[in-house]
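> To start, I am sharing the structure in question, which I have written as structure tokens.
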Amino acid sequence: MRYVTNLPYETKEEEHVTIPMSDGVRLSAHIWRPTSSDQEPVPAVLEYIPYRKRDLTAVRDSVHHPYLAGHGYACVRVDLRGTGDSEGVLRDEYLEREQEDAEEILAWLAEQHWCDGGTGMMGISWGAFAALQVAARRPPSLKAIAIASFTDDRHADDMHYMGGALLSDNLAEAGTMFAYGTCPPDPAVVGDRWRGMWHERLENTEPWVLEWLRHQRRDEYWRHASVCEDYTSVRCPVLASSGWADGYSNAVTRLLGNLDVPRKGLIGPWSHKFPHLGEPGPAIGYLQELVRWWDHWLKGVDNGVMDGPMLLAWMQDSVPPSTSYEERPGRWVGEPHWPSPHIRPETHPLTRHTIGPALDATAAPAEGGAAMTVRSPLSVGQFAGKWASYNAPPDLPYDQREEDGGSLVFDSEPLTEPVEILGSPSVELDLTVSEPVALVAARLSDVSPDGAATRVSYGILNLTRRDSTESPEPLEPGRRYRATIPLNGVAQAFPPGHRIRLSLSTSYWPLAWPAPKPALLSVHEHSSTLTLPVRPVDEPDEVASSPFGEPEGTPPLAMTQVTPPEERWDVKRDLIDYRSELDIVKDRGTVRFEDIGLEAGRRAHERYTAVADDFTSVGGETTWTMRFRRDDWDVRVVTSTRLTCDETDFFVDATLDAYEADRRVFSRTWNETVPRDLL
């Protein structure tokens, strides 16, 4: 990244500004704005997240907010209530109170003497969720949003459930928020009130995984703040981006296809990162794009930001399987609108272990056909990677050949011509199963001539939700059903000589929680199909080969690494007791923020276990340690959440311990049972 200091506007910084809410709670804001805004008001851009502006996101914030302020904007970074230096308690994600707070913040910003009355919202992940959800509420000052790595559907396309199957990220992300939501504010900001504010959080927080498990169907809990329930509610322009390696690779195209406002989409090869920090690369000059976006929609500059394709997507070239990539080779392609006239669905019947014949798009599926069967071991999925990759520790899927050993596999003939796809593949199965609750995982892979298999996309379906996630129904063993499994969106080029592989399995642990019992899946050939969104290779790319500038931002905040970080991703198998384990460590070490003299440390440890093929032996545990230290102020929060099951119930065992120095000042445990609901 290129760091720049010579910007059009001289800026000033206000590190801790309190914004009053209507219920008396005060939220903490960090504001960067042009010095001249005292006399010449500017638009305000809000980022609204729970991840601690004073320390844990301070370095990232210092790269992009001063940059945007230096281009003529008041950039405002607010901690959600109950996080960082804001008052109150954060009880769950995307609650009504959170969105009301955001509306009040925007109204407060619009009234400031340095704001011209117009506002925008931006962010990644939670910040993007917040912006999209608030846009659907139509606050009067909000003129545009720019969002990255988000969803419009909280149930079907978030870290909780996928195709009605429970994701392990439901536990992992609940553990993240259990840790962040119980950290104290900084005494240097809030003064002697810090301890009372901290204990209010400690005493009023419970593990969020409990609430998320209480809603296993798509109900009003998930419909709230899911913009897909009413796309017409969004009336402001939207710049939407994500990455193919991210868990949120689908919502960009859904917004492009369903919104009726000015909109642009951008999908790169990235994991869960801002595009200017994108990994795998290439990263792009995203902040420059934001300046153009805000200049047009907040300042009325006629700069052509809406010219060109509606969607820019990175068409990924074939690569060997790896759990991490520094760069993904490929090229940018543009689509004039979405759905694109360039994309044509090609449907291929599944015949005896083949797709095709030879990917012949004219071959029509026939009725009937012999049945092919599989009952997958729990080991299928140990090389699946994370639902949402962060590219650190290396968390992308590895070579799929070992996974394929426990799967039903269909290969095309070696390709004689290149094939490129852009969009969401899908699998339609004519099937029977042996149990009333079962899932199917479908994986699409690029198989090189030497046999190495790189996963391109995947999808999961809890078959009890095959017709409805609101009203699931148990399966009748032996009865034939038709079920469609949508796979995650992707742009992928398959070269000549390679094969396209579809793999089907009845388990995908630990990415997804298994069914109560192993199920035998029978797939009827000919009447089962794979549909690929093919983009003909002779279609024009409609975009320059390098449409973006080099990533740039302002110089990052000074920070010293006091203790080194640690990253680990270990797959273990014991062939004596047949115990398998996935062990993940994400330790940021201890860093010192030189400007405020604060040391902060974060360590997350996830462990997923199973024994042999006992589907009720699976368990997941996430443990976090958060520590903050300055002079004689030394506080630590340790949270742990363990999820296990039997055939009828989930069991949640959690602990929360808080320390001042080495003295424990708070402790609480939870031992809860949540019934399984056809899951």
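The way I read the labels, and the way they are meant: chains A, B, ... in the order of the structure tokens, residue 1 as the first residue of every chain, and ligand 1 as the first ligand shown, with later ones counted on from there.
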Could you give me, as CSV, a per-residue list for range 562-591 of chain A showing, wherever an atom lies at most 10 Å from an atom of range 389-397 of chain A, the closest pair of atoms and their distance in Å to one decimal, using only C-alpha atoms and sorting by chain then residue number from low to high?


residue,atom,partner,partner_atom,distance
A:Glu566,CA,A:Pro393,CA,8.6
A:Glu567,CA,A:Pro393,CA,5.2
A:Arg568,CA,A:Pro393,CA,6.3
A:Trp569,CA,A:Pro393,CA,6.8
A:Ile584,CA,A:Pro393,CA,8.1
A:Val585,CA,A:Pro393,CA,7.8
A:Lys586,CA,A:Pro393,CA,6.7
A:Asp587,CA,A:Pro393,CA,9.5

> Write out as a list in words each polymer residue whose atoms come within 8 Å of Ala658 in chain A, counting only C-alpha atoms; drop sequence neighbours fewer than 4 positions from it.

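In the requested form, the answer reads Val635, Arg636, Val637, Val638, Arg664, Val665, Phe666 and Ser667 of chain A.
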
> How about saving the chosen residues, N, CA, C and O atoms kept, as a PDB file, in the first residue's frame?


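Saved to again.pdb:
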ATOM      1  N   VAL A 635      -6.345  -5.182  33.021  1.00  0.00           N
ATOM      2  CA  VAL A 635      -7.610  -5.920  33.048  1.00  0.00           C
ATOM      3  C   VAL A 635      -7.586  -7.021  31.993  1.00  0.00           C
ATOM      4  O   VAL A 635      -6.909  -6.915  30.964  1.00  0.00           O
ATOM      5  N   ARG A 636      -8.351  -8.062  32.278  1.00  0.00           N
ATOM      6  CA  ARG A 636      -8.361  -9.219  31.386  1.00  0.00           C
ATOM      7  C   ARG A 636      -9.748  -9.850  31.431  1.00  0.00           C
ATOM      8  O   ARG A 636     -10.373  -9.956  32.484  1.00  0.00           O
ATOM      9  N   VAL A 637     -10.225 -10.276  30.263  1.00  0.00           N
ATOM     10  CA  VAL A 637     -11.490 -11.003  30.151  1.00  0.00           C
ATOM     11  C   VAL A 637     -11.199 -12.324  29.461  1.00  0.00           C
ATOM     12  O   VAL A 637     -10.538 -12.359  28.411  1.00  0.00           O
ATOM     13  N   VAL A 638     -11.677 -13.414  30.051  1.00  0.00           N
ATOM     14  CA  VAL A 638     -11.519 -14.744  29.462  1.00  0.00           C
ATOM     15  C   VAL A 638     -12.915 -15.340  29.291  1.00  0.00           C
ATOM     16  O   VAL A 638     -13.665 -15.480  30.271  1.00  0.00           O
ATOM     17  N   ARG A 664      -9.474 -12.192  40.264  1.00  0.00           N
ATOM     18  CA  ARG A 664     -10.733 -12.358  39.548  1.00  0.00           C
ATOM     19  C   ARG A 664     -11.807 -11.527  40.232  1.00  0.00           C
ATOM     20  O   ARG A 664     -12.058 -11.665  41.432  1.00  0.00           O
ATOM     21  N   VAL A 665     -12.481 -10.681  39.442  1.00  0.00           N
ATOM     22  CA  VAL A 665     -13.479  -9.769  40.000  1.00  0.00           C
ATOM     23  C   VAL A 665     -14.890 -10.101  39.533  1.00  0.00           C
ATOM     24  O   VAL A 665     -15.861  -9.497  40.019  1.00  0.00           O
ATOM     25  N   PHE A 666     -15.013 -11.040  38.594  1.00  0.00           N
ATOM     26  CA  PHE A 666     -16.342 -11.441  38.127  1.00  0.00           C
ATOM     27  C   PHE A 666     -16.225 -12.836  37.547  1.00  0.00           C
ATOM     28  O   PHE A 666     -15.250 -13.166  36.860  1.00  0.00           O
ATOM     29  N   SER A 667     -17.247 -13.656  37.809  1.00  0.00           N
ATOM     30  CA  SER A 667     -17.280 -14.995  37.238  1.00  0.00           C
ATOM     31  C   SER A 667     -18.725 -15.445  37.093  1.00  0.00           C
ATOM     32  O   SER A 667     -19.546 -15.219  37.992  1.00  0.00           O
TER      33      SER A 667
END

> Do a neighbour search on range 166-178 of chain A at 8 Å with only C-alpha atoms, toss out local chain neighbours closer than 6 positions, and write the hits as an MDAnalysis selection string.

chainID A and resid 159:160 205:209 212 386:387 510:513 606 620:624 639:641 643 679

> Please identify the alpha helix (DSSP H) residues within range 169-408 of chain A (assignment by DSSP from backbone atoms) and present them as number ranges by chain.

A: 169-180, 187-190, 194-203, 208-213, 220-223, 251-258, 286-299, 401-404

> Just checking: using only C-alpha atoms, which residue out of A:Trp114, A:Tyr9, A:Tyr508, A:Tyr659 ends up closest to Arg195 in chain A?

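Among the listed residues, the smallest separation from Arg195 in chain A belongs to A:Tyr659.
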
> Quick one: residues within 10 Å of Asp631 in chain A, only C-alpha atoms, excluding same-chain residues fewer than 3 positions away - as a list of chain:residue names?

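Result of the neighbour search: A:Gly597, A:Leu598, A:Glu599, A:Asp634.
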
> Using only C-alpha atoms, which of A:Trp244, A:Leu202, A:Ala251, A:Cys75 sits nearest Val291 in chain A?

A:Cys75

> Could you tell me how far CA of Leu461 in chain A sits from CA of Met162 in chain A, in Å to one decimal place?

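For CA of Met162 in chain A relative to CA of Leu461 in chain A, the distance reads 7.0 Å.
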
> Any idea what's packed within 8 Å of His276 in chain A, counting only C-alpha atoms, ignoring anything in its chain fewer than 3 positions away? Could you give it as a list in words?

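After dropping sequence-adjacent residues, the list is Met1, Ala283, Ile284, Gly285, Tyr286, Leu287, Pro551 and Glu552 of chain A.
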
> Do you have the CA of Glu335 in chain A-CA of Leu255 in chain A distance handy?

14.3 Å

> Near Phe650 in chain A, within 7 Å and counting only C-alpha atoms, which residues show up once chain neighbours fewer than 4 positions away are dropped, as a list in words?

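Near Phe650 in chain A, the qualifying residues are Leu643, Thr644, Cys645, Asp646, Thr673, Val674, Pro675 and Arg676 of chain A.
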
> Write out as a list of chain:residue names each polymer residue whose atoms come within 8 Å of Leu80 in chain A, counting only C-alpha atoms; drop sequence neighbours fewer than 5 positions from it.

A:Leu27, A:Tyr48, A:Ile49, A:Pro50, A:Ser86, A:Leu90, A:Glu98
